[in-house]
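Text of work_8.cif (mmCIF, C-alpha atoms and all ligand atoms) as supplied:
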data_model
#
loop_
_atom_site.label_atom_id
_atom_site.label_comp_id
_atom_site.auth_asym_id
_atom_site.auth_seq_id
_atom_site.Cartn_x
_atom_site.Cartn_y
_atom_site.Cartn_z
CA MET G 25 34.81 -0.03 -11.69
CA LEU G 26 36.03 -3.25 -13.18
CA LYS G 27 38.26 -3.77 -10.16
CA LYS G 28 35.36 -3.15 -7.79
CA ILE G 29 33.18 -5.67 -9.59
CA THR G 30 36.01 -8.22 -9.52
CA PHE G 31 36.37 -7.74 -5.78
CA THR G 32 32.61 -8.02 -5.27
CA VAL G 33 32.45 -11.22 -7.31
CA LEU G 34 35.48 -12.56 -5.45
CA GLY G 35 33.84 -11.73 -2.11
CA LEU G 36 30.66 -13.41 -3.20
CA MET G 37 32.58 -16.51 -4.28
CA ILE G 38 34.41 -16.68 -0.95
CA ALA G 39 31.11 -16.31 0.88
CA MET G 40 29.60 -19.05 -1.27
CA ILE G 41 32.53 -21.40 -0.63
CA ALA G 42 32.33 -20.66 3.10
CA ALA G 43 28.58 -21.28 3.03
CA ALA G 44 29.09 -24.58 1.20
CA GLN G 45 31.42 -25.77 3.95
CA GLN G 46 29.03 -24.97 6.78
CA PRO G 47 26.31 -27.40 7.79
CA VAL G 48 23.05 -26.34 6.22
CA ALA G 49 21.51 -23.94 8.75
CA LEU G 50 17.92 -25.11 8.73
CA PRO G 51 15.44 -23.54 11.10
CA PRO G 52 14.55 -25.67 14.13
CA LEU G 53 11.64 -28.05 13.69
CA PRO G 54 8.68 -26.53 15.57
CA SER G 55 7.86 -29.98 16.97
CA SER G 56 11.13 -29.94 18.92
CA VAL G 57 11.22 -26.28 19.94
CA GLY G 58 11.70 -25.98 23.68
CA ALA G 59 12.92 -29.57 24.03
CA THR G 60 16.25 -29.24 25.83
CA TYR G 61 18.19 -32.28 26.95
CA LEU G 62 21.51 -32.86 28.60
CA ILE G 63 22.78 -36.28 27.61
CA ARG G 64 25.48 -37.88 29.74
CA ALA G 65 27.31 -40.41 27.60
CA GLY G 66 29.45 -43.10 29.21
CA LYS G 67 31.35 -43.22 25.95
CA LEU G 68 30.92 -41.00 22.92
CA ILE G 69 31.72 -42.92 19.74
CA ASP G 70 33.15 -41.20 16.68
CA PRO G 71 32.81 -43.77 13.85
CA GLU G 72 34.77 -41.56 11.44
CA ALA G 73 37.86 -41.42 13.67
CA GLY G 74 37.22 -44.85 15.19
CA THR G 75 37.51 -43.42 18.71
CA ALA G 76 35.57 -43.67 21.97
CA THR G 77 35.83 -40.82 24.46
CA ASP G 78 34.78 -41.43 28.06
CA ALA G 79 32.33 -39.29 30.03
CA GLN G 80 31.06 -36.79 27.46
CA MET G 81 28.01 -34.56 27.54
CA LEU G 82 25.79 -33.44 24.69
CA LEU G 83 23.45 -30.50 24.99
CA VAL G 84 20.46 -30.73 22.66
CA LYS G 85 18.11 -27.83 22.07
CA ASP G 86 15.30 -27.25 19.58
CA GLY G 87 16.19 -30.39 17.67
CA ARG G 88 19.90 -29.70 17.28
CA ILE G 89 23.16 -30.45 19.05
CA VAL G 90 24.35 -27.16 20.56
CA GLU G 91 27.33 -28.28 22.64
CA ILE G 92 29.52 -31.38 23.10
CA GLY G 93 32.29 -31.88 25.64
CA ALA G 94 33.44 -33.16 29.02
CA HIS G 95 31.68 -30.07 30.46
CA VAL G 96 28.94 -28.04 28.84
CA THR G 97 26.96 -25.00 29.88
CA VAL G 98 23.76 -26.36 31.37
CA PRO G 99 20.75 -24.06 31.13
CA THR G 100 17.99 -24.22 33.75
CA GLY G 101 15.02 -26.45 33.12
CA VAL G 102 17.05 -28.93 31.13
CA GLU G 103 16.10 -32.59 31.32
CA THR G 104 19.04 -34.90 31.95
CA ILE G 105 19.21 -38.24 30.18
CA ASP G 106 21.66 -40.49 31.95
CA LEU G 107 23.40 -42.73 29.44
CA SER G 108 26.56 -43.03 31.56
CA GLU G 109 26.35 -46.82 31.33
CA TYR G 110 26.06 -46.68 27.54
CA SER G 111 27.94 -45.78 24.38
CA VAL G 112 26.33 -42.94 22.45
CA LEU G 113 26.82 -42.83 18.71
CA PRO G 114 25.23 -41.36 15.59
CA GLY G 115 22.26 -43.12 14.00
CA LEU G 116 22.63 -46.00 11.53
CA VAL G 117 21.80 -46.01 7.82
CA ASP G 118 20.22 -48.66 5.61
CA ALA G 119 21.10 -47.52 2.09
CA HIS G 120 18.61 -49.80 0.30
CA ASN G 121 15.23 -50.67 1.72
CA HIS G 122 11.60 -50.74 0.54
CA LEU G 123 9.46 -49.61 3.44
CA ALA G 124 6.17 -49.75 1.53
CA LEU G 125 6.67 -53.29 0.30
CA THR G 126 6.38 -56.37 2.51
CA TYR G 127 5.74 -59.61 0.72
CA LYS G 128 5.10 -62.77 2.67
CA LYS G 129 4.49 -66.51 2.42
CA VAL G 130 0.70 -66.28 2.65
CA PRO G 131 -1.00 -65.48 0.40
CA GLU G 132 1.60 -64.55 -2.21
CA ASN G 133 4.34 -67.17 -1.63
CA ASP G 134 6.93 -64.38 -1.31
CA PHE G 135 6.23 -63.26 -4.88
CA TYR G 136 5.99 -59.48 -4.81
CA TYR G 137 4.11 -59.15 -8.11
CA TYR G 138 1.09 -60.41 -6.17
CA THR G 139 1.67 -58.05 -3.26
CA TYR G 140 1.44 -55.23 -5.77
CA ILE G 141 -1.85 -56.53 -7.13
CA GLN G 142 -3.42 -57.31 -3.76
CA GLU G 143 -2.37 -54.36 -1.60
CA SER G 144 -3.28 -50.77 -2.36
CA THR G 145 -0.80 -47.92 -2.19
CA ALA G 146 -2.84 -46.55 0.72
CA LEU G 147 -2.48 -49.77 2.71
CA ARG G 148 1.20 -49.99 1.85
CA ALA G 149 1.75 -46.39 3.00
CA ILE G 150 0.38 -47.30 6.42
CA GLN G 151 2.62 -50.35 6.50
CA ALA G 152 5.56 -48.12 5.53
CA ALA G 153 4.85 -45.91 8.55
CA SER G 154 4.99 -49.00 10.75
CA ASN G 155 8.16 -50.29 9.07
CA GLY G 156 9.75 -46.86 9.48
CA MET G 157 9.13 -46.95 13.24
CA GLN G 158 10.52 -50.49 13.42
CA MET G 159 13.66 -49.27 11.65
CA LEU G 160 13.98 -46.28 13.96
CA SER G 161 13.61 -48.50 17.01
CA ALA G 162 16.52 -50.62 15.72
CA GLY G 163 18.67 -47.48 15.53
CA PHE G 164 18.29 -46.64 11.82
CA THR G 165 17.76 -42.88 11.69
CA VAL G 166 18.28 -42.73 7.90
CA VAL G 167 16.81 -44.99 5.23
CA ARG G 168 17.39 -44.76 1.49
CA ASP G 169 14.17 -46.14 0.07
CA LEU G 170 14.57 -47.32 -3.51
CA GLY G 171 11.18 -47.86 -5.07
CA ASN G 172 8.57 -50.61 -5.33
CA ASN G 173 6.39 -48.44 -3.15
CA GLY G 174 3.24 -48.27 -5.28
CA LEU G 175 2.11 -44.81 -6.29
CA TYR G 176 4.59 -42.78 -4.21
CA ALA G 177 3.86 -44.26 -0.78
CA ASP G 178 7.53 -43.47 -0.07
CA THR G 179 7.01 -39.77 -0.69
CA ALA G 180 3.86 -39.83 1.45
CA LEU G 181 5.78 -41.36 4.35
CA ARG G 182 8.64 -38.89 4.00
CA GLN G 183 6.23 -35.97 4.00
CA ALA G 184 4.30 -37.38 6.98
CA ILE G 185 7.55 -37.73 8.96
CA GLU G 186 8.83 -34.30 7.94
CA GLN G 187 5.52 -32.60 8.68
CA GLY G 188 5.47 -34.13 12.14
CA TRP G 189 2.58 -36.60 11.97
CA VAL G 190 4.55 -39.75 12.75
CA PRO G 191 8.07 -40.66 13.89
CA GLY G 192 10.39 -42.26 11.36
CA PRO G 193 13.85 -42.20 9.85
CA THR G 194 15.03 -39.47 7.51
CA LEU G 195 13.99 -40.84 4.13
CA ILE G 196 15.91 -40.49 0.90
CA ASN G 197 13.26 -41.89 -1.41
CA SER G 198 13.30 -42.65 -5.10
CA GLY G 199 9.67 -42.55 -6.13
CA ILE G 200 8.96 -45.03 -8.94
CA ILE G 201 11.77 -47.18 -10.38
CA ILE G 202 12.42 -46.16 -13.99
CA GLY G 203 13.22 -48.88 -16.53
CA GLY G 204 12.84 -50.05 -20.10
CA ILE G 205 9.29 -51.25 -20.86
CA GLY G 206 8.18 -53.82 -18.29
CA GLY G 207 10.46 -52.84 -15.41
CA GLN G 208 11.13 -56.06 -13.50
CA PHE G 209 7.74 -57.54 -14.38
CA TYR G 210 6.96 -60.27 -16.92
CA PRO G 211 3.22 -59.79 -17.44
CA THR G 212 1.03 -60.85 -20.34
CA PRO G 213 0.44 -58.59 -23.36
CA GLU G 214 -3.18 -58.09 -22.36
CA MET G 215 -2.25 -57.02 -18.82
CA VAL G 216 0.27 -54.53 -20.20
CA LYS G 217 -1.60 -53.28 -23.24
CA GLU G 218 -5.15 -53.35 -21.88
CA HIS G 219 -4.53 -52.68 -18.20
CA ASN G 220 -1.26 -50.78 -18.01
CA ILE G 221 -0.19 -53.10 -15.20
CA ILE G 222 3.46 -52.05 -15.07
CA TYR G 223 2.48 -48.65 -13.69
CA PRO G 224 2.77 -47.53 -10.92
CA GLU G 225 5.25 -50.16 -9.73
CA TYR G 226 7.58 -49.18 -12.60
CA LEU G 227 7.83 -46.18 -14.87
CA ASP G 228 8.64 -47.10 -18.49
CA ALA G 229 11.24 -44.94 -20.21
CA ASP G 230 12.73 -46.23 -23.45
CA THR G 231 13.68 -43.11 -25.40
CA PRO G 232 15.63 -39.97 -24.45
CA ASP G 233 12.40 -37.94 -24.24
CA GLU G 234 10.81 -40.56 -21.99
CA ILE G 235 13.92 -40.66 -19.77
CA VAL G 236 13.80 -36.90 -19.20
CA LYS G 237 10.06 -37.00 -18.57
CA ALA G 238 10.30 -39.93 -16.14
CA VAL G 239 12.99 -38.23 -14.05
CA ARG G 240 10.91 -35.06 -13.96
CA GLN G 241 7.78 -36.97 -12.95
CA ASN G 242 9.59 -38.50 -9.99
CA VAL G 243 11.03 -35.16 -8.95
CA LEU G 244 7.59 -33.56 -9.24
CA PHE G 245 6.18 -36.23 -6.94
CA GLY G 246 8.85 -35.99 -4.27
CA ALA G 247 11.82 -38.21 -5.19
CA LYS G 248 15.13 -37.37 -3.50
CA VAL G 249 17.18 -39.89 -5.52
CA ILE G 250 16.52 -41.42 -8.94
CA LYS G 251 16.43 -45.20 -9.21
CA ILE G 252 16.80 -46.93 -12.55
CA CYS G 253 16.76 -50.51 -13.75
CA VAL G 254 19.96 -50.60 -15.79
CA ASP G 255 19.58 -54.11 -17.21
CA CYS G 256 16.41 -55.77 -15.96
CA LYS G 257 15.48 -56.76 -19.49
CA PRO G 258 17.37 -57.93 -22.60
CA TYR G 259 17.28 -54.30 -23.74
CA PRO G 260 19.52 -52.61 -21.16
CA TYR G 261 20.18 -48.91 -21.03
CA SER G 262 23.15 -47.71 -23.08
CA VAL G 263 25.99 -45.66 -21.61
CA GLU G 264 24.42 -42.64 -23.30
CA ASP G 265 21.00 -43.40 -21.76
CA ILE G 266 22.56 -43.64 -18.29
CA ARG G 267 24.45 -40.40 -18.83
CA LEU G 268 21.17 -38.74 -19.78
CA PHE G 269 19.61 -39.95 -16.51
CA ILE G 270 22.58 -38.56 -14.59
CA ARG G 271 22.39 -35.20 -16.40
CA GLU G 272 18.65 -34.81 -15.97
CA ALA G 273 18.69 -35.88 -12.31
CA ALA G 274 21.43 -33.31 -11.67
CA ASN G 275 19.40 -30.70 -13.55
CA ALA G 276 16.16 -31.58 -11.75
CA GLY G 277 17.12 -30.78 -8.19
CA GLY G 278 20.71 -32.03 -8.06
CA LEU G 279 19.72 -35.65 -7.44
CA LYS G 280 21.98 -38.68 -7.72
CA VAL G 281 21.16 -41.82 -9.72
CA ALA G 282 21.12 -45.31 -8.22
CA GLY G 283 21.06 -48.25 -10.60
CA HIS G 284 19.74 -51.78 -10.12
CA VAL G 285 22.39 -53.86 -11.91
CA GLN G 286 22.23 -57.61 -12.51
CA THR G 287 24.61 -58.31 -15.42
CA GLU G 288 28.31 -57.69 -15.94
CA GLU G 289 27.60 -55.77 -19.13
CA GLY G 290 25.11 -53.60 -17.26
CA ALA G 291 27.67 -52.94 -14.54
CA ARG G 292 30.32 -52.05 -17.11
CA ARG G 293 27.97 -49.55 -18.74
CA ALA G 294 26.95 -48.08 -15.39
CA ILE G 295 30.57 -47.62 -14.37
CA GLU G 296 31.54 -46.10 -17.70
CA ALA G 297 28.64 -43.66 -17.46
CA GLY G 298 29.67 -42.67 -13.92
CA LEU G 299 26.57 -43.80 -12.06
CA TRP G 300 26.44 -42.73 -8.38
CA SER G 301 25.70 -46.19 -6.98
CA ILE G 302 25.37 -49.76 -8.17
CA GLU G 303 22.61 -51.58 -6.29
CA HIS G 304 23.10 -55.31 -5.60
CA ASP G 305 26.30 -57.33 -5.72
CA ILE G 306 25.12 -60.05 -8.08
CA ALA G 307 27.07 -58.99 -11.19
CA LEU G 308 30.17 -57.49 -9.61
CA THR G 309 33.52 -59.16 -10.34
CA ASP G 310 37.08 -58.40 -9.22
CA ASP G 311 37.70 -56.44 -12.42
CA LEU G 312 34.51 -54.43 -12.00
CA HIS G 313 35.44 -53.69 -8.39
CA LYS G 314 38.75 -52.29 -9.61
CA LEU G 315 36.95 -49.99 -12.02
CA MET G 316 34.44 -48.94 -9.34
CA ALA G 317 37.24 -48.08 -6.90
CA LYS G 318 38.98 -46.05 -9.56
CA LYS G 319 35.85 -44.06 -10.40
CA GLY G 320 34.56 -43.78 -6.83
CA ILE G 321 31.28 -45.54 -7.55
CA TRP G 322 29.31 -46.74 -4.53
CA ARG G 323 28.70 -50.45 -4.03
CA VAL G 324 25.30 -50.82 -2.39
CA GLY G 325 25.56 -54.60 -2.35
CA THR G 326 22.41 -55.61 -0.37
CA GLU G 327 24.36 -58.61 0.96
CA THR G 328 21.79 -61.02 2.40
CA PRO G 329 23.07 -63.32 5.16
CA PHE G 330 22.37 -67.04 5.07
CA THR G 331 19.80 -67.67 7.79
CA GLU G 332 17.15 -70.21 8.66
CA TYR G 333 14.67 -67.97 6.84
CA ARG G 334 16.63 -66.93 3.77
CA GLY G 335 19.35 -67.85 1.32
CA THR G 336 21.68 -70.76 0.71
CA GLN G 337 25.25 -71.47 1.81
CA GLU G 338 26.40 -71.40 -1.80
CA ARG G 339 24.90 -67.99 -2.50
CA PHE G 340 26.21 -66.66 0.79
CA ASP G 341 29.77 -67.84 0.02
CA LYS G 342 29.58 -65.89 -3.24
CA THR G 343 28.24 -62.83 -1.40
CA VAL G 344 31.05 -62.92 1.15
CA ALA G 345 33.72 -63.46 -1.52
CA GLY G 346 32.37 -60.42 -3.36
CA MET G 347 32.47 -58.28 -0.23
CA LYS G 348 36.07 -59.33 0.44
CA SER G 349 37.02 -58.52 -3.13
CA ALA G 350 35.42 -55.07 -2.95
CA TRP G 351 36.90 -54.30 0.47
CA LEU G 352 40.40 -55.33 -0.61
CA ARG G 353 40.20 -53.05 -3.63
CA GLY G 354 38.99 -50.03 -1.69
CA VAL G 355 35.52 -49.82 -3.22
CA LYS G 356 33.18 -47.44 -1.39
CA MET G 357 30.67 -49.72 0.35
CA ALA G 358 27.34 -49.06 2.06
CA PHE G 359 25.31 -51.13 4.53
CA SER G 360 22.21 -52.08 2.58
CA THR G 361 19.62 -54.81 2.73
CA ASP G 362 16.91 -54.73 0.06
CA ALA G 363 14.58 -55.61 2.98
CA ASP G 364 11.09 -55.99 1.57
CA TYR G 365 9.76 -59.19 3.17
CA TRP G 366 8.25 -60.37 6.40
CA VAL G 367 10.01 -62.81 8.68
CA PRO G 368 7.50 -63.88 11.34
CA GLY G 369 8.81 -62.97 14.78
CA LEU G 370 11.16 -60.27 13.54
CA THR G 371 10.57 -56.54 13.05
CA ARG G 372 11.82 -54.87 9.86
CA GLY G 373 14.64 -53.43 11.97
CA GLU G 374 15.62 -56.86 13.28
CA VAL G 375 15.68 -58.31 9.76
CA VAL G 376 17.95 -55.45 8.74
CA ILE G 377 20.41 -55.55 11.66
CA ASN G 378 20.92 -59.27 11.03
CA PHE G 379 22.82 -58.27 7.87
CA LEU G 380 25.75 -57.70 10.26
CA LYS G 381 26.35 -61.44 9.73
CA SER G 382 27.47 -60.84 6.15
CA TRP G 383 29.85 -58.03 7.08
CA LYS G 384 31.43 -60.06 9.85
CA ALA G 385 31.73 -63.14 7.63
CA ALA G 386 33.69 -60.99 5.16
CA GLY G 387 36.27 -60.37 7.89
CA ILE G 388 35.79 -56.60 7.87
CA PRO G 389 36.91 -55.17 11.25
CA ASP G 390 34.11 -54.13 13.60
CA LYS G 391 35.13 -50.48 13.69
CA ASP G 392 35.06 -50.37 9.88
CA ILE G 393 31.62 -52.00 9.77
CA LEU G 394 30.40 -49.26 12.11
CA LYS G 395 31.90 -46.63 9.81
CA VAL G 396 30.16 -48.20 6.81
CA MET G 397 26.84 -48.15 8.71
CA THR G 398 27.16 -44.49 9.64
CA VAL G 399 29.66 -42.28 7.81
CA ASN G 400 29.43 -44.14 4.47
CA GLY G 401 25.65 -44.20 4.83
CA TYR G 402 25.41 -40.41 5.16
CA GLN G 403 27.69 -40.08 2.14
CA VAL G 404 25.83 -42.46 -0.16
CA CYS G 405 22.59 -40.70 0.85
CA ASP G 406 24.30 -37.41 -0.04
CA ILE G 407 23.33 -35.81 3.26
CA ALA G 408 26.68 -35.86 5.12
CA SER G 409 27.04 -32.08 5.15
CA ALA G 410 23.66 -31.59 6.82
CA ARG G 411 22.77 -34.64 8.90
CA GLY G 412 24.26 -37.72 10.48
CA PRO G 413 27.49 -37.05 12.37
CA LEU G 414 27.30 -35.89 15.99
CA LYS G 415 28.47 -32.32 15.46
CA VAL G 416 27.43 -28.99 16.91
CA GLY G 417 24.72 -27.48 14.71
CA PHE G 418 23.58 -30.80 13.28
CA PRO G 419 20.17 -32.39 13.92
CA ALA G 420 20.28 -34.43 17.13
CA ASP G 421 19.94 -37.95 15.76
CA MET G 422 21.70 -40.47 17.99
CA ILE G 423 21.44 -43.91 19.56
CA ALA G 424 22.87 -45.64 22.61
CA VAL G 425 23.97 -49.22 23.17
CA LYS G 426 25.64 -51.21 25.95
CA GLY G 427 29.30 -51.96 25.22
CA ASN G 428 31.60 -50.53 22.59
CA PRO G 429 30.52 -51.07 18.95
CA LEU G 430 34.04 -50.25 17.72
CA GLU G 431 35.21 -53.46 19.40
CA ASN G 432 32.05 -55.53 19.04
CA VAL G 433 29.65 -54.32 16.38
CA ASP G 434 27.06 -56.92 17.46
CA VAL G 435 26.10 -54.65 20.39
CA LEU G 436 24.12 -52.74 17.73
CA ARG G 437 21.62 -55.60 17.80
CA SER G 438 20.21 -54.16 21.00
CA VAL G 439 19.62 -50.42 20.79
CA SER G 440 18.37 -49.01 24.11
CA PHE G 441 17.98 -45.35 23.25
CA VAL G 442 17.06 -43.46 20.09
CA MET G 443 16.84 -39.71 19.61
CA LYS G 444 15.58 -38.28 16.31
CA ASP G 445 15.50 -34.57 15.53
CA GLY G 446 16.21 -33.84 19.18
CA LEU G 447 13.25 -35.82 20.54
CA VAL G 448 13.40 -39.08 22.46
CA PHE G 449 11.91 -41.94 20.43
CA LYS G 450 13.17 -44.81 22.58
CA ARG G 451 14.40 -44.93 26.15
CA ASP G 452 15.46 -47.88 28.31
CA GLY G 453 14.60 -50.15 25.39
CA VAL G 454 10.99 -48.92 25.16
CA MET G 455 9.56 -46.80 22.33
CA THR G 456 8.21 -43.45 23.53
CA PRO G 457 6.77 -41.86 20.36
CA GLU G 458 4.35 -39.43 21.99
CA ARG G 459 6.30 -36.23 21.24
CA PHE G 460 6.38 -37.17 17.53
CA LEU G 461 2.63 -37.45 17.05
CA HIS G 462 0.62 -34.44 15.92
CA GLY G 463 -2.80 -33.98 14.36
CA GLY G 464 -1.53 -31.60 11.67
CA PRO G 465 1.57 -30.47 9.86
CA VAL G 466 3.23 -29.03 12.98
CA ASN G 467 6.52 -28.57 11.13
CA GLY G 468 4.78 -26.79 8.27
CA TRP G 469 3.08 -28.11 5.17
CA ARG G 470 5.74 -29.26 2.75
CA LEU G 471 5.41 -29.00 -0.97
CA HIS G 472 8.20 -31.47 -1.61
ZN ZN Z 501 15.63 -53.30 -3.88
#
Spit out the file's structure as structure tokens when you get a sec.
Amino acid sequence: MLKKITFTVLGLMIAMIAAAQQPVALPPLPSSVGATYLIRAGKLIDPEAGTATDAQMLLVKDGRIVEIGAHVTVPTGVETIDLSEYSVLPGLVDAHNHLALTYKKVPENDFYYYTYIQESTALRAIQAASNGMQMLSAGFTVVRDLGNNGLYADTALRQAIEQGWVPGPTLINSGIIIGGIGGQFYPTPEMVKEHNIIYPEYLDADTPDEIVKAVRQNVLFGAKVIKICVDCKPYPYSVEDIRLFIREAANAGGLKVAGHVQTEEGARRAIEAGLWSIEHDIALTDDLHKLMAKKGIWRVGTETPFTEYRGTQERFDKTVAGMKSAWLRGVKMAFSTDADYWVPGLTRGEVVINFLKSWKAAGIPDKDILKVMTVNGYQVCDIASARGPLKVGFPADMIAVKGNPLENVDVLRSVSFVMKDGLVFKRDGVMTPERFLHGGPVNGWRLH
């Protein structure tokens, strides 16, 4: 009997391990059922291997990739998409964005505290839907959205995309940023004590009980990653506090914890606690990079390029030096932008893709930049086993560009074709969102 049970348990364990290694077998999205495409790729780019294979075909059915090769079985009634003059590659990832926040010169002089006061969550949610489409058009099929989104506008956008109301990237959203009292704000006592002005832009959590409660609130309201302010105030979280966040996020849905870090001491604590990702490069030194590489902590540096609309040469030199230091030491790095502002004349996607300037200035080879923007992106979003790479069984998210991005990553500045969940969002450089728009939750009403 004992033997039989042992064998049964062993069998179950093997089955579980096998299941864990398979891509998550999700049912097809009803919005893409029946959509069958044969894509002829001039080159098929594998950013992981750093290879380009000529003349490949991808068969896409019901939202997923069902076959890839020089020859595939072509069913009748299939629509052919001729990308034989293009390189086809998986979608790009911005690992730090704020789709429901866009501050601007007028009226708030680029000061986002005023954006928060003057624009409702409802208005910002609509803007987020627009920003999401602008990102998708630029080839970003995944966005990790890290807070400052009012009262869960990020969750609302994710649900709207997943339910099939509007097109948009796959969102890994954080809900409200959790921090010690005040978050990143410096308001008056009367505004805090009489008007509770910190909330909902930040969620105060100063004690262990409040930390657990804050994580659970975000999970209840749809967060897929937890974002904390490690050291926004002179009362930073302790190593124990950060560990509690990590434990509770793991407990509450297996989420990872991303930390805004702006001081060396904060970074040291975050590293010691084993945080998943450090957001922003501002505090990171050579020594800290060494520690991050050793512990496998993600560097989501949000490295802003120096442009006519942003930054200074001095700050940019520091940014580039930091990127070189991290790259040299083998730190895990993600393409990330902290994009939350309007540059007249540019879409949110164009603002974001311009961050290529920083990566190139750091002397990182083009093929490695592409890997950071794809493979590393899926990993830092913790979705790599289910979405991202162009593999049979995976959701059909892909883009096409002229030229070979492994040799010249700047070709990503002009994305001609975008497919998301097996539907064509952009073709010949023109957005074609019709198949994504539905009057109701065509993919099913989603609780989370
Ligand atoms: Zn940010």
If you count only C-alpha atoms, which residues fall within 8 Å of stretch 87-100 of chain G, apart from same-chain ones fewer than 4 positions away, as a ChimeraX atom specification? /G:52-53,56-57,59,62,79-83,414-420,445-447
Output C-alpha atoms of each residue in that selection to a file, as a CSV table (one decimal), in the frame of the given file.
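part_12.csv, freshly written:
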chain,number,residue,atom,x,y,z
G,52,PRO,CA,14.6,-25.7,14.1
G,53,LEU,CA,11.6,-28.0,13.7
G,56,SER,CA,11.1,-29.9,18.9
G,57,VAL,CA,11.2,-26.3,19.9
G,59,ALA,CA,12.9,-29.6,24.0
G,62,LEU,CA,21.5,-32.9,28.6
G,79,ALA,CA,32.3,-39.3,30.0
G,80,GLN,CA,31.1,-36.8,27.5
G,81,MET,CA,28.0,-34.6,27.5
G,82,LEU,CA,25.8,-33.4,24.7
G,83,LEU,CA,23.4,-30.5,25.0
G,414,LEU,CA,27.3,-35.9,16.0
G,415,LYS,CA,28.5,-32.3,15.5
G,416,VAL,CA,27.4,-29.0,16.9
G,417,GLY,CA,24.7,-27.5,14.7
G,418,PHE,CA,23.6,-30.8,13.3
G,419,PRO,CA,20.2,-32.4,13.9
G,420,ALA,CA,20.3,-34.4,17.1
G,445,ASP,CA,15.5,-34.6,15.5
G,446,GLY,CA,16.2,-33.8,19.2
G,447,LEU,CA,13.2,-35.8,20.5
Between chain G and ligand ZN 501 (chain Z), at 8 Å or less, what are the per-residue closest atom pairs and their distances in Å? Count only C-alpha atoms and all ligand atoms, order by chain and rising residue number, and return it as JSON lines.
{"residue": "G:His120", "atom": "CA", "partner": "Z:ZN501", "partner_atom": "ZN", "distance": 6.2}
{"residue": "G:Asn121", "atom": "CA", "partner": "Z:ZN501", "partner_atom": "ZN", "distance": 6.2}
{"residue": "G:His122", "atom": "CA", "partner": "Z:ZN501", "partner_atom": "ZN", "distance": 6.5}
{"residue": "G:Leu170", "atom": "CA", "partner": "Z:ZN501", "partner_atom": "ZN", "distance": 6.1}
{"residue": "G:Gly171", "atom": "CA", "partner": "Z:ZN501", "partner_atom": "ZN", "distance": 7.1}
{"residue": "G:Asn172", "atom": "CA", "partner": "Z:ZN501", "partner_atom": "ZN", "distance": 7.7}
{"residue": "G:His284", "atom": "CA", "partner": "Z:ZN501", "partner_atom": "ZN", "distance": 7.6}
{"residue": "G:Glu303", "atom": "CA", "partner": "Z:ZN501", "partner_atom": "ZN", "distance": 7.6}
{"residue": "G:His304", "atom": "CA", "partner": "Z:ZN501", "partner_atom": "ZN", "distance": 7.9}
{"residue": "G:Thr326", "atom": "CA", "partner": "Z:ZN501", "partner_atom": "ZN", "distance": 8.0}
{"residue": "G:Thr361", "atom": "CA", "partner": "Z:ZN501", "partner_atom": "ZN", "distance": 7.9}
{"residue": "G:Asp362", "atom": "CA", "partner": "Z:ZN501", "partner_atom": "ZN", "distance": 4.4}
{"residue": "G:Ala363", "atom": "CA", "partner": "Z:ZN501", "partner_atom": "ZN", "distance": 7.3}
{"residue": "G:Asp364", "atom": "CA", "partner": "Z:ZN501", "partner_atom": "ZN", "distance": 7.6}
Computed gap from atom CA of G:Ile321 to atom CA of G:Ser301 is 5.6 Å
**Study point:** Within 12 Å of G:Lys381 using all atoms listed in the file, minus same-chain residues under 2 positions, as an MDAnalysis selection string
**Key:** chainID G and resid 327:331 340 343:344 359 361 375:379 383:388 390 393 433:434 437
Using only C-alpha atoms, can you list as an NGL selection string the residues within 7 Å of (6.2, -58.4, -0.6)?
-> :G and (125-128 or 134-136 or 139 or 364-365)
Show me, as JSON lines, the residues of stretch 332-416 of chain G having an atom within 12 Å of stretch 187-210 of chain G, each with the closest atom pair and its distance in Å, using only C-alpha atoms.
{"residue": "G:Gly373", "atom": "CA", "partner": "G:Pro193", "partner_atom": "CA", "distance": 11.5}
{"residue": "G:Gly401", "atom": "CA", "partner": "G:Ile196", "partner_atom": "CA", "distance": 11.1}
{"residue": "G:Tyr402", "atom": "CA", "partner": "G:Ile196", "partner_atom": "CA", "distance": 10.4}
{"residue": "G:Gln403", "atom": "CA", "partner": "G:Ile196", "partner_atom": "CA", "distance": 11.9}
{"residue": "G:Val404", "atom": "CA", "partner": "G:Ile196", "partner_atom": "CA", "distance": 10.2}
{"residue": "G:Cys405", "atom": "CA", "partner": "G:Ile196", "partner_atom": "CA", "distance": 6.7}
{"residue": "G:Asp406", "atom": "CA", "partner": "G:Ile196", "partner_atom": "CA", "distance": 9.0}
{"residue": "G:Ile407", "atom": "CA", "partner": "G:Ile196", "partner_atom": "CA", "distance": 9.1}
{"residue": "G:Ala410", "atom": "CA", "partner": "G:Thr194", "partner_atom": "CA", "distance": 11.7}
{"residue": "G:Arg411", "atom": "CA", "partner": "G:Thr194", "partner_atom": "CA", "distance": 9.2}
{"residue": "G:Gly412", "atom": "CA", "partner": "G:Thr194", "partner_atom": "CA", "distance": 9.9}
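Atom CA of G:Ala229 is positioned 12.6 Å from atom CA of G:Lys257.
The space between atom CA of G:Tyr137 and atom CA of G:Tyr261 spans 23.0 Å.
Among the candidates G:Gln158, G:Met347, G:Pro211, G:Glu186, the one nearest to G:Leu461 when counting all atoms listed in the file is G:Glu186.
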**Q.** Distance query G:Asp78 at most 8 Å, only C-alpha atoms, self and fewer than 5 positions along chain excluded, as a ChimeraX atom specification
**A.** /G:65-68
